[in-house]
file my_file07.csv (CSV, N, CA and C atoms and all ligand atoms)
chain,number,residue,atom,x,y,z
A,224,MET,N,34.5,23.6,21.8
A,224,MET,CA,34.5,22.3,22.4
A,224,MET,C,35.0,21.3,21.4
A,225,THR,N,36.0,20.5,21.7
A,225,THR,CA,36.6,19.6,20.8
A,225,THR,C,36.0,18.2,21.1
A,226,GLU,N,36.2,17.3,20.1
A,226,GLU,CA,35.8,15.9,20.2
A,226,GLU,C,37.1,15.0,20.0
A,227,LEU,N,37.0,13.9,20.7
A,227,LEU,CA,38.1,12.9,20.6
A,227,LEU,C,38.5,12.6,19.1
A,228,ASN,N,39.7,12.6,18.8
A,228,ASN,CA,40.2,12.2,17.5
A,228,ASN,C,39.9,13.2,16.4
A,229,GLN,N,39.4,14.4,16.7
A,229,GLN,CA,39.2,15.4,15.7
A,229,GLN,C,40.6,15.9,15.3
A,230,ILE,N,40.7,16.3,14.0
A,230,ILE,CA,42.0,16.9,13.5
A,230,ILE,C,41.8,18.4,13.2
A,231,TYR,N,42.7,19.2,13.7
A,231,TYR,CA,42.7,20.6,13.5
A,231,TYR,C,44.0,21.0,12.8
A,232,LYS,N,43.8,22.0,11.9
A,232,LYS,CA,45.0,22.5,11.2
A,232,LYS,C,45.1,24.0,11.3
A,233,CYS,N,46.4,24.5,11.4
A,233,CYS,CA,46.6,25.9,11.4
A,233,CYS,C,46.8,26.4,10.0
A,234,GLU,N,46.0,27.3,9.5
A,234,GLU,CA,46.1,27.8,8.2
A,234,GLU,C,47.2,28.7,7.9
A,235,VAL,N,47.9,29.1,9.0
A,235,VAL,CA,49.1,30.0,8.8
A,235,VAL,C,50.4,29.2,8.6
A,236,CYS,N,50.6,28.3,9.6
A,236,CYS,CA,51.9,27.6,9.6
A,236,CYS,C,51.8,26.2,9.1
A,237,GLY,N,50.6,25.6,9.1
A,237,GLY,CA,50.4,24.2,8.6
A,237,GLY,C,50.5,23.2,9.7
A,238,ASN,N,50.7,23.6,11.0
A,238,ASN,CA,50.6,22.6,12.1
A,238,ASN,C,49.3,21.8,12.0
A,239,ILE,N,49.4,20.5,12.3
A,239,ILE,CA,48.2,19.7,12.3
A,239,ILE,C,48.2,19.0,13.7
A,240,VAL,N,47.1,18.9,14.4
A,240,VAL,CA,47.0,18.2,15.7
A,240,VAL,C,45.8,17.3,15.7
A,241,GLU,N,45.9,16.3,16.5
A,241,GLU,CA,44.7,15.4,16.7
A,241,GLU,C,44.4,15.5,18.2
A,242,VAL,N,43.1,15.5,18.5
A,242,VAL,CA,42.6,15.7,19.9
A,242,VAL,C,42.7,14.3,20.6
A,243,VAL,N,43.5,14.2,21.7
A,243,VAL,CA,43.6,13.0,22.4
A,243,VAL,C,42.9,13.1,23.8
A,244,HIS,N,42.5,14.3,24.1
A,244,HIS,CA,41.7,14.5,25.3
A,244,HIS,C,40.9,15.8,25.1
A,245,THR,N,39.6,15.7,25.3
A,245,THR,CA,38.7,16.8,25.0
A,245,THR,C,38.7,17.9,26.1
A,246,GLY,N,38.6,19.1,25.7
A,246,GLY,CA,38.5,20.2,26.6
A,246,GLY,C,37.5,21.2,26.1
A,247,GLY,N,37.2,22.3,26.8
A,247,GLY,CA,36.2,23.2,26.4
A,247,GLY,C,36.7,24.4,25.6
A,248,GLY,N,38.0,24.5,25.5
A,248,GLY,CA,38.6,25.7,24.9
A,248,GLY,C,38.7,25.6,23.4
A,249,THR,N,39.2,26.7,22.7
A,249,THR,CA,39.4,26.7,21.3
A,249,THR,C,40.9,26.5,21.1
A,250,LEU,N,41.3,25.7,20.1
A,250,LEU,CA,42.7,25.5,19.8
A,250,LEU,C,43.2,26.6,19.0
A,251,VAL,N,44.3,27.2,19.4
A,251,VAL,CA,44.8,28.4,18.7
A,251,VAL,C,46.3,28.1,18.3
A,252,CYS,N,46.6,28.6,17.1
A,252,CYS,CA,48.0,28.5,16.6
A,252,CYS,C,48.3,29.8,15.8
A,253,CYS,N,49.5,30.3,15.9
A,253,CYS,CA,49.8,31.5,15.1
A,253,CYS,C,48.8,32.6,15.4
A,254,ASN,N,48.3,32.7,16.6
A,254,ASN,CA,47.4,33.8,17.1
A,254,ASN,C,46.0,33.7,16.4
A,255,GLN,N,45.6,32.6,15.9
A,255,GLN,CA,44.2,32.4,15.4
A,255,GLN,C,43.7,31.0,15.6
A,256,PRO,N,42.4,30.9,15.6
A,256,PRO,CA,41.8,29.6,15.9
A,256,PRO,C,42.2,28.6,14.8
A,257,MET,N,42.5,27.4,15.2
A,257,MET,CA,42.8,26.3,14.3
A,257,MET,C,41.5,25.9,13.6
A,258,LYS,N,41.6,25.4,12.4
A,258,LYS,CA,40.5,25.0,11.6
A,258,LYS,C,40.2,23.5,11.7
A,259,LEU,N,39.0,23.1,12.0
A,259,LEU,CA,38.6,21.7,12.1
A,259,LEU,C,38.7,21.1,10.7
A,260,VAL,N,39.4,20.0,10.6
A,260,VAL,CA,39.5,19.4,9.3
A,260,VAL,C,38.4,18.3,9.2
A,261,GLU,N,37.4,18.6,8.3
A,261,GLU,CA,36.3,17.7,8.2
A,261,GLU,C,36.6,16.5,7.3
A,262,GLU,N,36.1,15.4,7.7
A,262,GLU,CA,36.4,14.2,6.9
A,262,GLU,C,35.5,14.1,5.6
A,263,HIS,N,36.1,13.8,4.5
A,263,HIS,CA,35.4,13.4,3.3
A,263,HIS,C,35.0,12.0,3.4
A,264,LYS,N,33.7,11.7,3.0
A,264,LYS,CA,33.3,10.3,3.1
A,264,LYS,C,32.9,9.6,1.8
A,265,GLU,N,33.0,10.4,0.7
A,265,GLU,CA,32.8,9.8,-0.6
A,265,GLU,C,33.8,10.4,-1.6
A,266,ASP,N,34.3,9.5,-2.4
A,266,ASP,CA,35.3,9.9,-3.4
A,266,ASP,C,34.6,10.9,-4.4
A,267,GLU,N,35.4,11.8,-4.9
A,267,GLU,CA,34.9,12.8,-5.8
A,267,GLU,C,36.1,13.1,-6.7
A,268,GLY,N,35.8,13.3,-8.0
A,268,GLY,CA,36.9,13.6,-8.9
A,268,GLY,C,37.7,12.4,-9.3
A,269,PHE,N,38.8,12.7,-10.0
A,269,PHE,CA,39.6,11.7,-10.6
A,269,PHE,C,40.4,10.9,-9.6
A,270,GLU,N,41.1,11.5,-8.7
A,270,GLU,CA,41.9,10.8,-7.7
A,270,GLU,C,41.1,10.2,-6.7
A,271,LYS,N,41.5,9.0,-6.3
A,271,LYS,CA,40.7,8.2,-5.3
A,271,LYS,C,41.4,8.3,-3.9
A,272,HIS,N,40.7,8.6,-2.9
A,272,HIS,CA,41.2,8.8,-1.5
A,272,HIS,C,40.6,7.9,-0.5
A,273,LEU,N,39.5,7.3,-0.8
A,273,LEU,CA,38.8,6.5,0.2
A,273,LEU,C,39.7,5.2,0.4
A,274,PRO,N,39.8,4.8,1.7
A,274,PRO,CA,40.6,3.6,2.0
A,274,PRO,C,39.9,2.4,1.3
A,275,ALA,N,40.8,1.5,0.7
A,275,ALA,CA,40.3,0.2,0.2
A,275,ALA,C,40.9,-0.8,1.1
A,276,LEU,N,40.1,-1.8,1.6
A,276,LEU,CA,40.5,-2.7,2.6
A,276,LEU,C,40.7,-4.1,2.1
A,277,SER,N,41.7,-4.8,2.6
A,277,SER,CA,41.9,-6.2,2.4
A,277,SER,C,42.4,-6.8,3.7
A,278,PHE,N,42.3,-8.1,3.8
A,278,PHE,CA,42.5,-8.8,5.1
A,278,PHE,C,43.5,-10.0,4.9
A,279,GLU,N,44.5,-10.1,5.8
A,279,GLU,CA,45.4,-11.3,5.8
A,279,GLU,C,45.5,-11.7,7.2
A,280,GLY,N,44.8,-12.8,7.6
A,280,GLY,CA,44.7,-13.3,9.0
A,280,GLY,C,44.2,-12.2,9.9
A,281,ASP,N,45.0,-11.8,10.9
A,281,ASP,CA,44.5,-10.8,11.8
A,281,ASP,C,45.0,-9.4,11.4
A,282,LYS,N,45.4,-9.3,10.1
A,282,LYS,CA,45.9,-8.0,9.6
A,282,LYS,C,44.9,-7.4,8.7
A,283,LEU,N,44.8,-6.1,8.9
A,283,LEU,CA,44.0,-5.2,8.0
A,283,LEU,C,44.9,-4.5,7.1
A,284,ILE,N,44.8,-4.6,5.8
A,284,ILE,CA,45.7,-3.9,4.9
A,284,ILE,C,44.9,-2.8,4.2
A,285,VAL,N,45.4,-1.6,4.4
A,285,VAL,CA,44.6,-0.4,3.8
A,285,VAL,C,45.4,0.2,2.7
A,286,THR,N,44.8,0.3,1.6
A,286,THR,CA,45.4,1.0,0.4
A,286,THR,C,44.6,2.2,0.1
A,287,ILE,N,45.3,3.3,-0.2
A,287,ILE,CA,44.6,4.6,-0.6
A,287,ILE,C,44.9,4.8,-2.0
A,288,GLY,N,43.9,4.8,-2.9
A,288,GLY,CA,42.5,4.4,-2.7
A,288,GLY,C,42.3,3.2,-3.6
A,289,GLU,N,41.1,3.2,-4.2
A,289,GLU,CA,40.7,2.2,-5.1
A,289,GLU,C,41.7,2.0,-6.2
A,290,THR,N,42.1,3.2,-6.8
A,290,THR,CA,43.3,3.2,-7.6
A,290,THR,C,44.3,3.9,-6.8
A,291,GLU,N,45.6,3.4,-6.8
A,291,GLU,CA,46.6,4.0,-5.8
A,291,GLU,C,46.8,5.5,-6.0
A,292,HIS,N,46.7,6.2,-4.8
A,292,HIS,CA,46.9,7.6,-4.8
A,292,HIS,C,48.3,7.9,-5.2
A,293,PRO,N,48.6,9.1,-5.8
A,293,PRO,CA,50.0,9.5,-6.1
A,293,PRO,C,50.8,9.6,-4.9
A,294,MET,N,52.1,9.4,-5.0
A,294,MET,CA,53.0,9.6,-3.8
A,294,MET,C,54.2,10.3,-4.4
A,295,THR,N,54.1,11.7,-4.5
A,295,THR,CA,55.2,12.5,-4.9
A,295,THR,C,55.4,13.6,-3.9
A,296,GLU,N,56.6,14.3,-3.9
A,296,GLU,CA,56.9,15.3,-2.9
A,296,GLU,C,55.8,16.3,-2.8
A,297,GLU,N,55.1,16.6,-3.9
A,297,GLU,CA,54.1,17.7,-3.9
A,297,GLU,C,52.8,17.2,-3.4
A,298,HIS,N,52.5,15.9,-3.6
A,298,HIS,CA,51.1,15.4,-3.4
A,298,HIS,C,51.2,14.0,-2.9
A,299,TYR,N,50.9,13.7,-1.6
A,299,TYR,CA,51.0,12.4,-1.1
A,299,TYR,C,50.1,12.1,0.1
A,300,ILE,N,50.0,10.9,0.4
A,300,ILE,CA,49.2,10.5,1.7
A,300,ILE,C,50.2,10.6,2.8
A,301,GLU,N,50.0,11.5,3.8
A,301,GLU,CA,50.9,11.7,4.9
A,301,GLU,C,50.8,10.6,5.9
A,302,TRP,N,49.5,10.1,6.2
A,302,TRP,CA,49.4,9.1,7.2
A,302,TRP,C,48.0,8.4,7.0
A,303,ILE,N,48.0,7.2,7.6
A,303,ILE,CA,46.8,6.4,7.6
A,303,ILE,C,46.5,5.9,9.0
A,304,GLU,N,45.3,6.0,9.5
A,304,GLU,CA,44.9,5.6,10.8
A,304,GLU,C,43.9,4.5,10.9
A,305,TYR,N,44.0,3.7,11.9
A,305,TYR,CA,43.0,2.7,12.2
A,305,TYR,C,42.5,3.0,13.6
A,306,ILE,N,41.2,3.3,13.8
A,306,ILE,CA,40.7,3.7,15.1
A,306,ILE,C,39.6,2.8,15.6
A,307,VAL,N,39.8,2.2,16.7
A,307,VAL,CA,38.7,1.5,17.4
A,307,VAL,C,38.4,2.3,18.7
A,308,ASP,N,37.4,2.0,19.5
A,308,ASP,CA,37.0,3.0,20.5
A,308,ASP,C,38.1,3.3,21.5
A,309,ASP,N,39.0,2.3,21.8
A,309,ASP,CA,40.0,2.6,22.9
A,309,ASP,C,41.4,2.5,22.3
A,310,GLU,N,41.6,2.7,21.0
A,310,GLU,CA,42.9,2.5,20.4
A,310,GLU,C,43.0,3.2,19.1
A,311,VAL,N,44.1,3.9,18.8
A,311,VAL,CA,44.4,4.5,17.5
A,311,VAL,C,45.8,3.9,17.1
A,312,GLN,N,45.8,3.4,15.9
A,312,GLN,CA,47.1,3.0,15.3
A,312,GLN,C,47.3,3.9,14.1
A,313,ARG,N,48.5,4.5,14.0
A,313,ARG,CA,48.7,5.4,12.9
A,313,ARG,C,50.1,5.1,12.2
A,314,VAL,N,50.1,5.1,10.9
A,314,VAL,CA,51.3,4.9,10.1
A,314,VAL,C,51.6,6.1,9.3
A,315,TYR,N,52.8,6.7,9.5
A,315,TYR,CA,53.2,7.8,8.7
A,315,TYR,C,53.9,7.4,7.5
A,316,LEU,N,53.6,8.0,6.4
A,316,LEU,CA,54.2,7.6,5.1
A,316,LEU,C,55.1,8.8,4.5
A,317,THR,N,56.0,8.4,3.6
A,317,THR,CA,56.8,9.4,2.9
A,317,THR,C,56.4,9.3,1.4
A,318,PRO,N,56.8,10.3,0.6
A,318,PRO,CA,56.5,10.2,-0.8
A,318,PRO,C,57.2,9.0,-1.5
A,319,GLN,N,58.2,8.5,-0.9
A,319,GLN,CA,58.9,7.4,-1.5
A,319,GLN,C,58.2,6.0,-1.3
A,320,GLU,N,57.2,6.0,-0.4
A,320,GLU,CA,56.5,4.8,-0.1
A,320,GLU,C,55.2,4.7,-0.9
A,321,LYS,N,54.6,3.4,-0.9
A,321,LYS,CA,53.3,3.3,-1.5
A,321,LYS,C,52.2,3.7,-0.5
A,322,PRO,N,51.0,4.1,-0.9
A,322,PRO,CA,50.0,4.5,0.0
A,322,PRO,C,49.3,3.4,0.7
A,323,ILE,N,50.1,2.6,1.4
A,323,ILE,CA,49.5,1.3,1.9
A,323,ILE,C,50.1,1.2,3.4
A,324,ALA,N,49.2,0.7,4.3
A,324,ALA,CA,49.6,0.5,5.7
A,324,ALA,C,48.8,-0.7,6.2
A,325,SER,N,49.5,-1.5,7.1
A,325,SER,CA,48.8,-2.6,7.7
A,325,SER,C,48.6,-2.4,9.2
A,326,PHE,N,47.6,-3.0,9.7
A,326,PHE,CA,47.2,-2.8,11.1
A,326,PHE,C,46.8,-4.1,11.7
A,327,VAL,N,46.9,-4.2,13.1
A,327,VAL,CA,46.4,-5.4,13.8
A,327,VAL,C,45.0,-5.2,14.0
A,328,LEU,N,44.2,-6.1,13.4
A,328,LEU,CA,42.7,-5.9,13.5
A,328,LEU,C,42.2,-6.4,14.8
A,329,LYS,N,41.3,-5.6,15.4
A,329,LYS,CA,40.6,-6.1,16.6
A,329,LYS,C,39.4,-6.8,16.2
A,330,GLU,N,39.2,-8.0,16.6
A,330,GLU,CA,38.1,-8.8,16.2
A,330,GLU,C,36.7,-8.3,16.7
A,331,ASP,N,35.8,-8.4,15.8
A,331,ASP,CA,34.4,-8.1,16.1
A,331,ASP,C,34.2,-6.7,16.7
A,332,ARG,N,35.0,-5.8,16.2
A,332,ARG,CA,34.8,-4.4,16.7
A,332,ARG,C,34.6,-3.5,15.5
A,333,LYS,N,33.7,-2.5,15.7
A,333,LYS,CA,33.5,-1.5,14.7
A,333,LYS,C,34.8,-0.6,14.7
A,334,TYR,N,35.1,-0.1,13.5
A,334,TYR,CA,36.3,0.7,13.4
A,334,TYR,C,36.2,1.7,12.3
A,335,THR,N,37.1,2.7,12.4
A,335,THR,CA,37.2,3.7,11.4
A,335,THR,C,38.6,3.7,10.8
A,336,VAL,N,38.7,3.9,9.5
A,336,VAL,CA,40.0,4.1,8.9
A,336,VAL,C,40.0,5.5,8.3
A,337,ARG,N,41.1,6.2,8.5
A,337,ARG,CA,41.2,7.6,8.0
A,337,ARG,C,42.6,7.7,7.3
A,338,ALA,N,42.6,8.6,6.3
A,338,ALA,CA,43.8,8.9,5.6
A,338,ALA,C,43.9,10.4,5.4
A,339,TYR,N,45.1,10.9,5.4
A,339,TYR,CA,45.3,12.4,5.2
A,339,TYR,C,46.2,12.6,4.0
A,340,CYS,N,45.6,13.3,3.0
A,340,CYS,CA,46.3,13.7,1.8
A,340,CYS,C,46.7,15.2,2.0
A,341,ASN,N,48.0,15.5,1.7
A,341,ASN,CA,48.5,16.8,2.0
A,341,ASN,C,47.8,17.9,1.2
A,342,ILE,N,47.1,17.5,0.1
A,342,ILE,CA,46.4,18.5,-0.7
A,342,ILE,C,44.9,18.4,-0.5
A,343,HIS,N,44.4,17.2,-0.5
A,343,HIS,CA,42.9,17.0,-0.5
A,343,HIS,C,42.3,16.7,0.9
A,344,GLY,N,43.1,16.7,1.9
A,344,GLY,CA,42.6,16.6,3.3
A,344,GLY,C,42.3,15.2,3.8
A,345,LEU,N,41.3,15.1,4.6
A,345,LEU,CA,41.1,13.9,5.4
A,345,LEU,C,39.9,13.1,4.8
A,346,TRP,N,40.1,11.8,4.8
A,346,TRP,CA,39.2,10.9,4.2
A,346,TRP,C,38.9,9.8,5.2
A,347,GLU,N,37.7,9.3,5.2
A,347,GLU,CA,37.2,8.4,6.3
A,347,GLU,C,36.3,7.3,5.8
A,348,LEU,N,36.5,6.1,6.3
A,348,LEU,CA,35.7,5.0,6.0
A,348,LEU,C,35.3,4.3,7.4
A,349,LYS,N,34.0,4.2,7.6
A,349,LYS,CA,33.6,3.6,8.9
A,349,LYS,C,33.1,2.2,8.6
A,350,MET,N,33.5,1.2,9.4
A,350,MET,CA,33.2,-0.2,9.2
A,350,MET,C,32.5,-0.7,10.4
B,401,FE,FE,45.2,13.7,-3.0
call {"tool": "encode", "arguments": {"input": "my_file07.csv", "output": "structure tokens"}}
result
Amino acid sequence: MTELNQIYKCEVCGNIVEVVHTGGGTLVCCNQPMKLVEEHKEDEGFEKHLPALSFEGDKLIVTIGETEHPMTEEHYIEWIEYIVDDEVQRVYLTPQEKPIASFVLKEDRKYTVRAYCNIHGLWELKM
């Protein structure tokens, strides 16, 4: 059973999918079940991955992380997401960009910010 917005990865080919509608089955790729990517919720180690937030008017600016995460071909933040209950905004990044994205903030709503590092996985901050 999947849950909305869960991320699954194929450990064979590297496909990554996000659930946009839940169903009862098991997600399969390359003839094996895809692995649920669990969110990290606390920074650990030298590199920082948790989203750092700042605000400009109705914009939410997200930087990964407290000290900027590396952005090289081998190791970078692939995307940053802003999730409120009825909306997902996602910005894809390249190694040539900074690990920063801005989103239109929904007033007075709880939200989640997530970031995906190609090496260290998924990171989440709930507000
Ligand atoms: Fe990383």
call {"tool": "closest_atom_pairs", "arguments": {"input": "my_file07.csv", "of": "chain A", "to": "ligand FE 401 (chain B)", "cutoff": "8 Å", "atoms": "all atoms listed in the file", "output": "JSON lines"}}
result
{"residue": "A:Glu270", "atom": "CA", "partner": "B:FE401", "partner_atom": "FE", "distance": 6.4}
{"residue": "A:Lys271", "atom": "C", "partner": "B:FE401", "partner_atom": "FE", "distance": 6.7}
{"residue": "A:His272", "atom": "CA", "partner": "B:FE401", "partner_atom": "FE", "distance": 6.5}
{"residue": "A:His292", "atom": "CA", "partner": "B:FE401", "partner_atom": "FE", "distance": 6.6}
{"residue": "A:Pro293", "atom": "N", "partner": "B:FE401", "partner_atom": "FE", "distance": 6.4}
{"residue": "A:His298", "atom": "C", "partner": "B:FE401", "partner_atom": "FE", "distance": 6.0}
{"residue": "A:Tyr299", "atom": "N", "partner": "B:FE401", "partner_atom": "FE", "distance": 5.9}
{"residue": "A:Ile300", "atom": "N", "partner": "B:FE401", "partner_atom": "FE", "distance": 6.5}
{"residue": "A:Tyr339", "atom": "C", "partner": "B:FE401", "partner_atom": "FE", "distance": 7.2}
{"residue": "A:Cys340", "atom": "CA", "partner": "B:FE401", "partner_atom": "FE", "distance": 4.9}
{"residue": "A:Asn341", "atom": "N", "partner": "B:FE401", "partner_atom": "FE", "distance": 5.8}
{"residue": "A:Ile342", "atom": "N", "partner": "B:FE401", "partner_atom": "FE", "distance": 5.3}
{"residue": "A:His343", "atom": "N", "partner": "B:FE401", "partner_atom": "FE", "distance": 4.4}
{"residue": "A:Gly344", "atom": "N", "partner": "B:FE401", "partner_atom": "FE", "distance": 6.1}
call {"tool": "write_last_selection", "arguments": {"input": "my_file07.csv", "atoms": "N, CA and C atoms", "output": "mmCIF file, in the coordinates of the input"}}
result
data_model
loop_
_atom_site.group_PDB
_atom_site.id
_atom_site.type_symbol
_atom_site.label_atom_id
_atom_site.label_comp_id
_atom_site.auth_asym_id
_atom_site.auth_seq_id
_atom_site.Cartn_x
_atom_site.Cartn_y
_atom_site.Cartn_z
ATOM 1 N N GLU A 270 41.100 11.500 -8.700
ATOM 2 C CA GLU A 270 41.900 10.800 -7.700
ATOM 3 C C GLU A 270 41.100 10.200 -6.700
ATOM 4 N N LYS A 271 41.500 9.000 -6.300
ATOM 5 C CA LYS A 271 40.700 8.200 -5.300
ATOM 6 C C LYS A 271 41.400 8.300 -3.900
ATOM 7 N N HIS A 272 40.700 8.600 -2.900
ATOM 8 C CA HIS A 272 41.200 8.800 -1.500
ATOM 9 C C HIS A 272 40.600 7.900 -0.500
ATOM 10 N N HIS A 292 46.700 6.200 -4.800
ATOM 11 C CA HIS A 292 46.900 7.600 -4.800
ATOM 12 C C HIS A 292 48.300 7.900 -5.200
ATOM 13 N N PRO A 293 48.600 9.100 -5.800
ATOM 14 C CA PRO A 293 50.000 9.500 -6.100
ATOM 15 C C PRO A 293 50.800 9.600 -4.900
ATOM 16 N N HIS A 298 52.500 15.900 -3.600
ATOM 17 C CA HIS A 298 51.100 15.400 -3.400
ATOM 18 C C HIS A 298 51.200 14.000 -2.900
ATOM 19 N N TYR A 299 50.900 13.700 -1.600
ATOM 20 C CA TYR A 299 51.000 12.400 -1.100
ATOM 21 C C TYR A 299 50.100 12.100 0.100
ATOM 22 N N ILE A 300 50.000 10.900 0.400
ATOM 23 C CA ILE A 300 49.200 10.500 1.700
ATOM 24 C C ILE A 300 50.200 10.600 2.800
ATOM 25 N N TYR A 339 45.100 10.900 5.400
ATOM 26 C CA TYR A 339 45.300 12.400 5.200
ATOM 27 C C TYR A 339 46.200 12.600 4.000
ATOM 28 N N CYS A 340 45.600 13.300 3.000
ATOM 29 C CA CYS A 340 46.300 13.700 1.800
ATOM 30 C C CYS A 340 46.700 15.200 2.000
ATOM 31 N N ASN A 341 48.000 15.500 1.700
ATOM 32 C CA ASN A 341 48.500 16.800 2.000
ATOM 33 C C ASN A 341 47.800 17.900 1.200
ATOM 34 N N ILE A 342 47.100 17.500 0.100
ATOM 35 C CA ILE A 342 46.400 18.500 -0.700
ATOM 36 C C ILE A 342 44.900 18.400 -0.500
ATOM 37 N N HIS A 343 44.400 17.200 -0.500
ATOM 38 C CA HIS A 343 42.900 17.000 -0.500
ATOM 39 C C HIS A 343 42.300 16.700 0.900
ATOM 40 N N GLY A 344 43.100 16.700 1.900
ATOM 41 C CA GLY A 344 42.600 16.600 3.300
ATOM 42 C C GLY A 344 42.300 15.200 3.800
#
call {"tool": "atom_distance", "arguments": {"input": "my_file07.csv", "atom1": "atom N of Cys252 of chain A", "atom2": "atom N of Val314 of chain A"}}
result
24.6 Å
call {"tool": "residues_near_point", "arguments": {"input": "my_file07.csv", "point": "(48.3, 30.3, 14.4)", "cutoff": "9 Å", "atoms": "only C-alpha atoms", "output": "JSON, numbers by chain"}}
result
{"A": [233, 234, 235, 236, 237, 238, 251, 252, 253, 254, 255, 256, 257]}
call {"tool": "residues_around", "arguments": {"input": "my_file07.csv", "residues": "Leu348 of chain A", "least_positions_apart": "5", "cutoff": "6.5 Å", "atoms": "only N, CA and C atoms", "output": "number ranges by chain"}}
result
A: 264, 274, 334-337
call {"tool": "select_by_dssp", "arguments": {"input": "my_file07.csv", "residues": "segment 237-345 of chain A", "states": "strand (DSSP E)", "output": "ChimeraX atom specification"}}
result
/A:239-241,251-252,255-256,258-259,262-263,274-279,282-287,300-307,310-315,323-327,335-340,344-345
call {"tool": "residues_around", "arguments": {"input": "my_file07.csv", "residues": "Val240 of chain A", "least_positions_apart": "6", "cutoff": "9 Å", "atoms": "only C-alpha atoms", "output": "PyMOL selection string"}}
result
chain A and resi 229-233
call {"tool": "residues_around", "arguments": {"input": "my_file07.csv", "residues": "segment 280-282 of chain A", "least_positions_apart": "4", "cutoff": "10 Å", "atoms": "only C-alpha atoms", "output": "PyMOL selection string"}}
result
chain A and resi 325-330
call {"tool": "write_last_selection", "arguments": {"input": "my_file07.csv", "atoms": "N, CA and C atoms", "output": "compact mmCIF listing (two decimals), in the coordinates of the input"}}
result
# COMPACT_ATOMS: atom_id res chain seq x y z
N SER A 325 49.50 -1.50 7.10
CA SER A 325 48.80 -2.60 7.70
C SER A 325 48.60 -2.40 9.20
N PHE A 326 47.60 -3.00 9.70
CA PHE A 326 47.20 -2.80 11.10
C PHE A 326 46.80 -4.10 11.70
N VAL A 327 46.90 -4.20 13.10
CA VAL A 327 46.40 -5.40 13.80
C VAL A 327 45.00 -5.20 14.00
N LEU A 328 44.20 -6.10 13.40
CA LEU A 328 42.70 -5.90 13.50
C LEU A 328 42.20 -6.40 14.80
N LYS A 329 41.30 -5.60 15.40
CA LYS A 329 40.60 -6.10 16.60
C LYS A 329 39.40 -6.80 16.20
N GLU A 330 39.20 -8.00 16.60
CA GLU A 330 38.10 -8.80 16.20
C GLU A 330 36.70 -8.30 16.70
call {"tool": "atom_distance", "arguments": {"input": "my_file07.csv", "atom1": "atom CA of Trp346 of chain A", "atom2": "atom CA of Val307 of chain A"}}
result
16.2 Å
call {"tool": "closest_residue", "arguments": {"input": "my_file07.csv", "among": "A:Val311, A:Ile284, A:Val242, A:Leu316", "to": "Glu296 of chain A", "atoms": "only C-alpha atoms"}}
result
A:Leu316
call {"tool": "atom_distance", "arguments": {"input": "my_file07.csv", "atom1": "atom N of Asp266 of chain A", "atom2": "atom C of Met224 of chain A"}}
result
26.6 Å
call {"tool": "closest_residue", "arguments": {"input": "my_file07.csv", "among": "A:Ala338, A:Glu267, A:Gly288, A:Thr225", "to": "Tyr305 of chain A", "atoms": "all atoms listed in the file"}}
result
A:Ala338
call {"tool": "closest_residue", "arguments": {"input": "my_file07.csv", "among": "A:Ile287, A:Leu345, A:Leu276, A:Asp308", "to": "Glu262 of chain A", "atoms": "all atoms listed in the file"}}
result
A:Leu345
call {"tool": "decode", "arguments": {"input": "my_file07.csv", "residues": "segment 307-326 of chain A", "atoms": "C-alpha atoms", "output": "PDB file, in the first residue's frame"}}
result
ATOM      1  CA  VAL A 307       0.855  21.689   1.051  1.00  0.00           C
ATOM      2  CA  ASP A 308      -2.124  19.382   1.356  1.00  0.00           C
ATOM      3  CA  ASP A 309      -3.543  20.015  -2.126  1.00  0.00           C
ATOM      4  CA  GLU A 310      -0.462  21.131  -4.034  1.00  0.00           C
ATOM      5  CA  VAL A 311       3.121  20.122  -4.808  1.00  0.00           C
ATOM      6  CA  GLN A 312       5.628  22.557  -6.280  1.00  0.00           C
ATOM      7  CA  ARG A 313       8.916  21.008  -7.444  1.00  0.00           C
ATOM      8  CA  VAL A 314      12.065  22.625  -8.829  1.00  0.00           C
ATOM      9  CA  TYR A 315      14.613  20.439 -10.615  1.00  0.00           C
ATOM     10  CA  LEU A 316      18.242  21.488 -10.308  1.00  0.00           C
ATOM     11  CA  THR A 317      21.408  20.782 -12.293  1.00  0.00           C
ATOM     12  CA  PRO A 318      24.958  20.575 -10.924  1.00  0.00           C
ATOM     13  CA  GLN A 319      25.606  23.980 -12.507  1.00  0.00           C
ATOM     14  CA  GLU A 320      23.018  25.661 -10.277  1.00  0.00           C
ATOM     15  CA  LYS A 321      23.015  26.630  -6.623  1.00  0.00           C
ATOM     16  CA  PRO A 322      20.988  24.391  -4.248  1.00  0.00           C
ATOM     17  CA  ILE A 323      18.301  27.045  -3.951  1.00  0.00           C
ATOM     18  CA  ALA A 324      14.663  27.212  -5.077  1.00  0.00           C
ATOM     19  CA  SER A 325      11.811  29.630  -4.474  1.00  0.00           C
ATOM     20  CA  PHE A 326       8.128  28.824  -4.145  1.00  0.00           C
TER      21      PHE A 326
END
